[in-house]
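Asks: So here's upload-v3.pdb, just PDB, N, CA and C atoms:
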```
ATOM      1  N   MET A  22     158.145 123.327  -7.927  1.00  0.00           N
ATOM      2  CA  MET A  22     157.632 124.510  -8.557  1.00  0.00           C
ATOM      3  C   MET A  22     157.100 125.477  -7.500  1.00  0.00           C
ATOM      4  N   GLU A  23     156.487 124.927  -6.468  1.00  0.00           N
ATOM      5  CA  GLU A  23     155.918 125.801  -5.452  1.00  0.00           C
ATOM      6  C   GLU A  23     156.987 126.521  -4.649  1.00  0.00           C
ATOM      7  N   ARG A  24     158.231 126.010  -4.660  1.00  0.00           N
ATOM      8  CA  ARG A  24     159.338 126.718  -4.006  1.00  0.00           C
ATOM      9  C   ARG A  24     160.116 127.571  -4.986  1.00  0.00           C
ATOM     10  N   ALA A  25     160.387 127.036  -6.188  1.00  0.00           N
ATOM     11  CA  ALA A  25     161.279 127.720  -7.127  1.00  0.00           C
ATOM     12  C   ALA A  25     160.657 128.962  -7.747  1.00  0.00           C
ATOM     13  N   ILE A  26     159.401 128.901  -8.154  1.00  0.00           N
ATOM     14  CA  ILE A  26     158.788 130.061  -8.814  1.00  0.00           C
ATOM     15  C   ILE A  26     158.726 131.263  -7.885  1.00  0.00           C
ATOM     16  N   PRO A  27     158.226 131.129  -6.652  1.00  0.00           N
ATOM     17  CA  PRO A  27     158.243 132.303  -5.772  1.00  0.00           C
ATOM     18  C   PRO A  27     159.658 132.795  -5.466  1.00  0.00           C
ATOM     19  N   LYS A  28     160.607 131.868  -5.327  1.00  0.00           N
ATOM     20  CA  LYS A  28     161.983 132.251  -5.004  1.00  0.00           C
ATOM     21  C   LYS A  28     162.638 133.058  -6.129  1.00  0.00           C
ATOM     22  N   PHE A  29     162.473 132.608  -7.374  1.00  0.00           N
ATOM     23  CA  PHE A  29     163.166 133.234  -8.491  1.00  0.00           C
ATOM     24  C   PHE A  29     162.345 134.275  -9.234  1.00  0.00           C
ATOM     25  N   VAL A  30     161.022 134.168  -9.198  1.00  0.00           N
ATOM     26  CA  VAL A  30     160.168 135.087  -9.954  1.00  0.00           C
ATOM     27  C   VAL A  30     159.461 136.081  -9.036  1.00  0.00           C
ATOM     28  N   GLY A  31     159.244 135.678  -7.781  1.00  0.00           N
ATOM     29  CA  GLY A  31     158.630 136.578  -6.835  1.00  0.00           C
ATOM     30  C   GLY A  31     157.107 136.580  -6.835  1.00  0.00           C
ATOM     31  N   ILE A  32     156.506 135.590  -7.504  1.00  0.00           N
ATOM     32  CA  ILE A  32     155.047 135.466  -7.508  1.00  0.00           C
ATOM     33  C   ILE A  32     154.695 134.037  -7.135  1.00  0.00           C
ATOM     34  N   PRO A  33     153.492 133.814  -6.619  1.00  0.00           N
ATOM     35  CA  PRO A  33     153.106 132.436  -6.296  1.00  0.00           C
ATOM     36  C   PRO A  33     152.960 131.580  -7.558  1.00  0.00           C
ATOM     37  N   ALA A  34     153.272 130.305  -7.421  1.00  0.00           N
ATOM     38  CA  ALA A  34     153.128 129.375  -8.541  1.00  0.00           C
ATOM     39  C   ALA A  34     151.653 129.040  -8.745  1.00  0.00           C
ATOM     40  N   SER A  35     151.229 128.992  -9.988  1.00  0.00           N
ATOM     41  CA  SER A  35     149.856 128.582 -10.270  1.00  0.00           C
ATOM     42  C   SER A  35     149.756 127.063 -10.139  1.00  0.00           C
ATOM     43  N   ALA A  36     148.573 126.585  -9.854  1.00  0.00           N
ATOM     44  CA  ALA A  36     148.366 125.142  -9.691  1.00  0.00           C
ATOM     45  C   ALA A  36     148.513 124.441 -11.038  1.00  0.00           C
ATOM     46  N   VAL A  37     149.175 123.305 -11.043  1.00  0.00           N
ATOM     47  CA  VAL A  37     149.335 122.515 -12.254  1.00  0.00           C
ATOM     48  C   VAL A  37     148.161 121.548 -12.331  1.00  0.00           C
ATOM     49  N   SER A  38     147.372 121.667 -13.389  1.00  0.00           N
ATOM     50  CA  SER A  38     146.193 120.810 -13.518  1.00  0.00           C
ATOM     51  C   SER A  38     146.447 119.595 -14.407  1.00  0.00           C
ATOM     52  N   CYS A  39     147.508 119.621 -15.198  1.00  0.00           N
ATOM     53  CA  CYS A  39     147.748 118.513 -16.131  1.00  0.00           C
ATOM     54  C   CYS A  39     149.246 118.255 -16.264  1.00  0.00           C
ATOM     55  N   TRP A  40     149.680 117.072 -15.859  1.00  0.00           N
ATOM     56  CA  TRP A  40     151.059 116.633 -16.032  1.00  0.00           C
ATOM     57  C   TRP A  40     151.099 115.678 -17.220  1.00  0.00           C
ATOM     58  N   ILE A  41     152.139 115.787 -18.052  1.00  0.00           N
ATOM     59  CA  ILE A  41     152.271 114.921 -19.225  1.00  0.00           C
ATOM     60  C   ILE A  41     153.689 114.344 -19.283  1.00  0.00           C
ATOM     61  N   THR A  42     153.858 113.277 -20.033  1.00  0.00           N
ATOM     62  CA  THR A  42     155.181 112.727 -20.300  1.00  0.00           C
ATOM     63  C   THR A  42     155.777 113.496 -21.466  1.00  0.00           C
ATOM     64  N   ALA A  43     157.009 113.973 -21.298  1.00  0.00           N
ATOM     65  CA  ALA A  43     157.597 114.828 -22.324  1.00  0.00           C
ATOM     66  C   ALA A  43     159.117 114.695 -22.358  1.00  0.00           C
ATOM     67  N   HIS A  44     159.699 115.295 -23.358  1.00  0.00           N
ATOM     68  CA  HIS A  44     161.144 115.319 -23.572  1.00  0.00           C
ATOM     69  C   HIS A  44     161.855 116.021 -22.422  1.00  0.00           C
ATOM     70  N   ALA A  45     161.328 117.128 -21.956  1.00  0.00           N
ATOM     71  CA  ALA A  45     161.799 117.902 -20.800  1.00  0.00           C
ATOM     72  C   ALA A  45     163.102 118.669 -21.027  1.00  0.00           C
ATOM     73  N   ASP A  46     163.635 118.685 -22.239  1.00  0.00           N
ATOM     74  CA  ASP A  46     164.853 119.454 -22.528  1.00  0.00           C
ATOM     75  C   ASP A  46     164.826 119.916 -23.981  1.00  0.00           C
ATOM     76  N   VAL A  47     163.742 120.561 -24.381  1.00  0.00           N
ATOM     77  CA  VAL A  47     163.599 120.982 -25.770  1.00  0.00           C
ATOM     78  C   VAL A  47     164.366 122.278 -25.996  1.00  0.00           C
ATOM     79  N   HIS A  48     165.384 122.217 -26.844  1.00  0.00           N
ATOM     80  CA  HIS A  48     166.085 123.411 -27.323  1.00  0.00           C
ATOM     81  C   HIS A  48     166.588 123.111 -28.722  1.00  0.00           C
ATOM     82  N   TRP A  49     167.097 124.139 -29.389  1.00  0.00           N
ATOM     83  CA  TRP A  49     167.414 124.006 -30.819  1.00  0.00           C
ATOM     84  C   TRP A  49     168.457 122.942 -31.110  1.00  0.00           C
ATOM     85  N   ALA A  50     169.358 122.657 -30.185  1.00  0.00           N
ATOM     86  CA  ALA A  50     170.369 121.625 -30.422  1.00  0.00           C
ATOM     87  C   ALA A  50     169.763 120.221 -30.389  1.00  0.00           C
ATOM     88  N   ASN A  51     168.560 120.076 -29.838  1.00  0.00           N
ATOM     89  CA  ASN A  51     167.902 118.778 -29.778  1.00  0.00           C
ATOM     90  C   ASN A  51     166.840 118.592 -30.854  1.00  0.00           C
ATOM     91  N   LEU A  52     166.751 119.508 -31.804  1.00  0.00           N
ATOM     92  CA  LEU A  52     165.782 119.413 -32.898  1.00  0.00           C
ATOM     93  C   LEU A  52     166.506 119.216 -34.216  1.00  0.00           C
ATOM     94  N   THR A  53     165.947 118.378 -35.091  1.00  0.00           N
ATOM     95  CA  THR A  53     166.552 118.144 -36.400  1.00  0.00           C
ATOM     96  C   THR A  53     165.546 118.463 -37.498  1.00  0.00           C
ATOM     97  N   GLU A  54     166.018 118.431 -38.742  1.00  0.00           N
ATOM     98  CA  GLU A  54     165.164 118.590 -39.926  1.00  0.00           C
ATOM     99  C   GLU A  54     165.316 117.322 -40.744  1.00  0.00           C
ATOM    100  N   PRO A  55     164.302 116.522 -41.003  1.00  0.00           N
ATOM    101  CA  PRO A  55     162.902 116.712 -40.634  1.00  0.00           C
ATOM    102  C   PRO A  55     162.747 116.654 -39.111  1.00  0.00           C
ATOM    103  N   LEU A  56     161.662 117.195 -38.621  1.00  0.00           N
ATOM    104  CA  LEU A  56     161.474 117.399 -37.189  1.00  0.00           C
ATOM    105  C   LEU A  56     161.555 116.095 -36.401  1.00  0.00           C
ATOM    106  N   ARG A  57     162.611 116.021 -35.576  1.00  0.00           N
ATOM    107  CA  ARG A  57     162.805 114.912 -34.647  1.00  0.00           C
ATOM    108  C   ARG A  57     163.440 115.484 -33.393  1.00  0.00           C
ATOM    109  N   LEU A  58     163.141 114.871 -32.260  1.00  0.00           N
ATOM    110  CA  LEU A  58     163.745 115.266 -30.990  1.00  0.00           C
ATOM    111  C   LEU A  58     164.859 114.289 -30.638  1.00  0.00           C
ATOM    112  N   LEU A  59     166.030 114.815 -30.315  1.00  0.00           N
ATOM    113  CA  LEU A  59     167.176 114.011 -29.912  1.00  0.00           C
ATOM    114  C   LEU A  59     167.387 114.130 -28.405  1.00  0.00           C
ATOM    115  N   ASP A  60     168.252 113.285 -27.863  1.00  0.00           N
ATOM    116  CA  ASP A  60     168.742 113.447 -26.499  1.00  0.00           C
ATOM    117  C   ASP A  60     167.631 113.281 -25.464  1.00  0.00           C
ATOM    118  N   TRP A  61     167.109 112.078 -25.342  1.00  0.00           N
ATOM    119  CA  TRP A  61     165.939 111.812 -24.493  1.00  0.00           C
ATOM    120  C   TRP A  61     166.278 111.390 -23.072  1.00  0.00           C
ATOM    121  N   GLU A  62     167.512 111.531 -22.601  1.00  0.00           N
ATOM    122  CA  GLU A  62     167.817 111.019 -21.262  1.00  0.00           C
ATOM    123  C   GLU A  62     167.148 111.812 -20.148  1.00  0.00           C
ATOM    124  N   GLY A  63     166.652 113.017 -20.409  1.00  0.00           N
ATOM    125  CA  GLY A  63     166.015 113.815 -19.373  1.00  0.00           C
ATOM    126  C   GLY A  63     164.499 113.773 -19.379  1.00  0.00           C
ATOM    127  N   TRP A  64     163.895 112.835 -20.111  1.00  0.00           N
ATOM    128  CA  TRP A  64     162.435 112.808 -20.239  1.00  0.00           C
ATOM    129  C   TRP A  64     161.789 112.495 -18.894  1.00  0.00           C
ATOM    130  N   GLY A  65     160.514 112.872 -18.782  1.00  0.00           N
ATOM    131  CA  GLY A  65     159.781 112.587 -17.553  1.00  0.00           C
ATOM    132  C   GLY A  65     158.450 113.309 -17.525  1.00  0.00           C
ATOM    133  N   GLN A  66     157.876 113.441 -16.343  1.00  0.00           N
ATOM    134  CA  GLN A  66     156.595 114.110 -16.148  1.00  0.00           C
ATOM    135  C   GLN A  66     156.831 115.609 -15.960  1.00  0.00           C
ATOM    136  N   VAL A  67     156.153 116.406 -16.740  1.00  0.00           N
ATOM    137  CA  VAL A  67     156.267 117.863 -16.682  1.00  0.00           C
ATOM    138  C   VAL A  67     154.877 118.480 -16.796  1.00  0.00           C
ATOM    139  N   PRO A  68     154.724 119.717 -16.345  1.00  0.00           N
ATOM    140  CA  PRO A  68     153.438 120.390 -16.550  1.00  0.00           C
ATOM    141  C   PRO A  68     153.191 120.597 -18.048  1.00  0.00           C
ATOM    142  N   GLU A  69     151.940 120.523 -18.443  1.00  0.00           N
ATOM    143  CA  GLU A  69     151.582 120.735 -19.844  1.00  0.00           C
ATOM    144  C   GLU A  69     152.085 122.100 -20.305  1.00  0.00           C
ATOM    145  N   GLY A  70     152.717 122.157 -21.471  1.00  0.00           N
ATOM    146  CA  GLY A  70     153.258 123.396 -22.012  1.00  0.00           C
ATOM    147  C   GLY A  70     154.709 123.643 -21.656  1.00  0.00           C
ATOM    148  N   PHE A  71     155.307 122.785 -20.844  1.00  0.00           N
ATOM    149  CA  PHE A  71     156.691 122.973 -20.399  1.00  0.00           C
ATOM    150  C   PHE A  71     157.676 122.965 -21.573  1.00  0.00           C
ATOM    151  N   GLY A  72     157.488 122.036 -22.532  1.00  0.00           N
ATOM    152  CA  GLY A  72     158.398 121.950 -23.677  1.00  0.00           C
ATOM    153  C   GLY A  72     158.367 123.207 -24.524  1.00  0.00           C
ATOM    154  N   ALA A  73     157.184 123.713 -24.803  1.00  0.00           N
ATOM    155  CA  ALA A  73     157.061 124.941 -25.587  1.00  0.00           C
ATOM    156  C   ALA A  73     157.661 126.120 -24.839  1.00  0.00           C
ATOM    157  N   ALA A  74     157.435 126.182 -23.530  1.00  0.00           N
ATOM    158  CA  ALA A  74     157.988 127.276 -22.730  1.00  0.00           C
ATOM    159  C   ALA A  74     159.508 127.207 -22.680  1.00  0.00           C
ATOM    160  N   THR A  75     160.057 125.988 -22.586  1.00  0.00           N
ATOM    161  CA  THR A  75     161.508 125.825 -22.564  1.00  0.00           C
ATOM    162  C   THR A  75     162.123 126.264 -23.894  1.00  0.00           C
ATOM    163  N   LEU A  76     161.549 125.834 -25.007  1.00  0.00           N
ATOM    164  CA  LEU A  76     162.056 126.241 -26.322  1.00  0.00           C
ATOM    165  C   LEU A  76     161.965 127.756 -26.491  1.00  0.00           C
ATOM    166  N   TYR A  77     160.881 128.356 -26.035  1.00  0.00           N
ATOM    167  CA  TYR A  77     160.731 129.813 -26.102  1.00  0.00           C
ATOM    168  C   TYR A  77     161.831 130.504 -25.281  1.00  0.00           C
ATOM    169  N   ALA A  78     162.074 130.018 -24.079  1.00  0.00           N
ATOM    170  CA  ALA A  78     163.113 130.624 -23.224  1.00  0.00           C
ATOM    171  C   ALA A  78     164.480 130.505 -23.874  1.00  0.00           C
ATOM    172  N   TYR A  79     164.800 129.351 -24.461  1.00  0.00           N
ATOM    173  CA  TYR A  79     166.090 129.211 -25.157  1.00  0.00           C
ATOM    174  C   TYR A  79     166.155 130.140 -26.372  1.00  0.00           C
ATOM    175  N   SER A  80     165.038 130.377 -27.027  1.00  0.00           N
ATOM    176  CA  SER A  80     165.012 131.259 -28.204  1.00  0.00           C
ATOM    177  C   SER A  80     165.291 132.707 -27.828  1.00  0.00           C
ATOM    178  N   LEU A  81     164.957 133.097 -26.600  1.00  0.00           N
ATOM    179  CA  LEU A  81     165.218 134.465 -26.157  1.00  0.00           C
ATOM    180  C   LEU A  81     166.696 134.760 -25.985  1.00  0.00           C
ATOM    181  N   LEU A  82     167.481 133.684 -25.741  1.00  0.00           N
ATOM    182  CA  LEU A  82     168.921 133.883 -25.594  1.00  0.00           C
ATOM    183  C   LEU A  82     169.520 134.251 -26.916  1.00  0.00           C
TER     184      LEU A  82
END
```
Here is the file; what I need is its structure written in the form of structure tokens.
Replies:
Amino acid sequence: MERAIPKFVGIPASAVSCWITAHADVHWANLTEPLRLLDWEGWGQVPEGFGAATLYAYSLL
């Protein structure tokens, strides 16, 4: 993150204070009704809020 954010966004990366275990690939193709997450092969440690930010970014497309 400390290399990628400045490289692609042009601003320094903020410090990550909380890492959590998460799905790490949340997008609409991995969500079902009733709410379930599919496709867990990419799970791991991510900064808190990463899943919500990823889903938001996919929603912008």
Asks: Any chance you could work out the axis-aligned box around stretch 51-67 of chain A, listed atoms only, 6 Å on each side, giving centre and edge lengths in Å to one decimal, as AutoDock Vina command-line options?
Replies:
```
--center_x 161.8 --center_y 115.5 --center_z -28.5 --size_x 25.9 --size_y 21.1 --size_z 37.0
```
Asks: With the PyMOL selection byres ((chain A and resi 48) around 6.5) as the selection, what would be picked from this file? Answer as a PyMOL selection string, please.
Replies: chain A and resi 46-47+49-52+75-76+79
Asks: Determine the residue set returned by the PyMOL selection byres ((chain A and resi 27-42) around 5) for the present structure, and present it as a list in words.
Replies: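 With the shown file as input, the PyMOL selection byres ((chain A and resi 27-42) around 5) matches Arg24, Ala25, Ile26, Ala43, His44, Gly65, Gln66, Val67, Pro68 and Glu69 of chain A.
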Asks: I need the residues of chain A that end up classed as alpha helix (DSSP H) by DSSP on the backbone, written out as a ChimeraX atom specification.
Replies: /A:25-30,71-81
Asks: Filtering to N, CA and C atoms, could you give me those residues as a short mmCIF file (atom, residue, chain, number, x, y, z; two decimals), keeping the file's coordinate frame?
Replies:
```
data_model
loop_
_atom_site.label_atom_id
_atom_site.label_comp_id
_atom_site.auth_asym_id
_atom_site.auth_seq_id
_atom_site.Cartn_x
_atom_site.Cartn_y
_atom_site.Cartn_z
N ALA A 25 160.39 127.04 -6.19
CA ALA A 25 161.28 127.72 -7.13
C ALA A 25 160.66 128.96 -7.75
N ILE A 26 159.40 128.90 -8.15
CA ILE A 26 158.79 130.06 -8.81
C ILE A 26 158.73 131.26 -7.88
N PRO A 27 158.23 131.13 -6.65
CA PRO A 27 158.24 132.30 -5.77
C PRO A 27 159.66 132.79 -5.47
N LYS A 28 160.61 131.87 -5.33
CA LYS A 28 161.98 132.25 -5.00
C LYS A 28 162.64 133.06 -6.13
N PHE A 29 162.47 132.61 -7.37
CA PHE A 29 163.17 133.23 -8.49
C PHE A 29 162.34 134.28 -9.23
N VAL A 30 161.02 134.17 -9.20
CA VAL A 30 160.17 135.09 -9.95
C VAL A 30 159.46 136.08 -9.04
N PHE A 71 155.31 122.78 -20.84
CA PHE A 71 156.69 122.97 -20.40
C PHE A 71 157.68 122.96 -21.57
N GLY A 72 157.49 122.04 -22.53
CA GLY A 72 158.40 121.95 -23.68
C GLY A 72 158.37 123.21 -24.52
N ALA A 73 157.18 123.71 -24.80
CA ALA A 73 157.06 124.94 -25.59
C ALA A 73 157.66 126.12 -24.84
N ALA A 74 157.44 126.18 -23.53
CA ALA A 74 157.99 127.28 -22.73
C ALA A 74 159.51 127.21 -22.68
N THR A 75 160.06 125.99 -22.59
CA THR A 75 161.51 125.82 -22.56
C THR A 75 162.12 126.26 -23.89
N LEU A 76 161.55 125.83 -25.01
CA LEU A 76 162.06 126.24 -26.32
C LEU A 76 161.96 127.76 -26.49
N TYR A 77 160.88 128.36 -26.04
CA TYR A 77 160.73 129.81 -26.10
C TYR A 77 161.83 130.50 -25.28
N ALA A 78 162.07 130.02 -24.08
CA ALA A 78 163.11 130.62 -23.22
C ALA A 78 164.48 130.50 -23.87
N TYR A 79 164.80 129.35 -24.46
CA TYR A 79 166.09 129.21 -25.16
C TYR A 79 166.16 130.14 -26.37
N SER A 80 165.04 130.38 -27.03
CA SER A 80 165.01 131.26 -28.20
C SER A 80 165.29 132.71 -27.83
N LEU A 81 164.96 133.10 -26.60
CA LEU A 81 165.22 134.46 -26.16
C LEU A 81 166.70 134.76 -25.98
#
```
Asks: What does the distance from atom CA of A:Met22 to atom CA of A:Phe71 come to in Å, to one decimal?
Replies: 12.0 Å
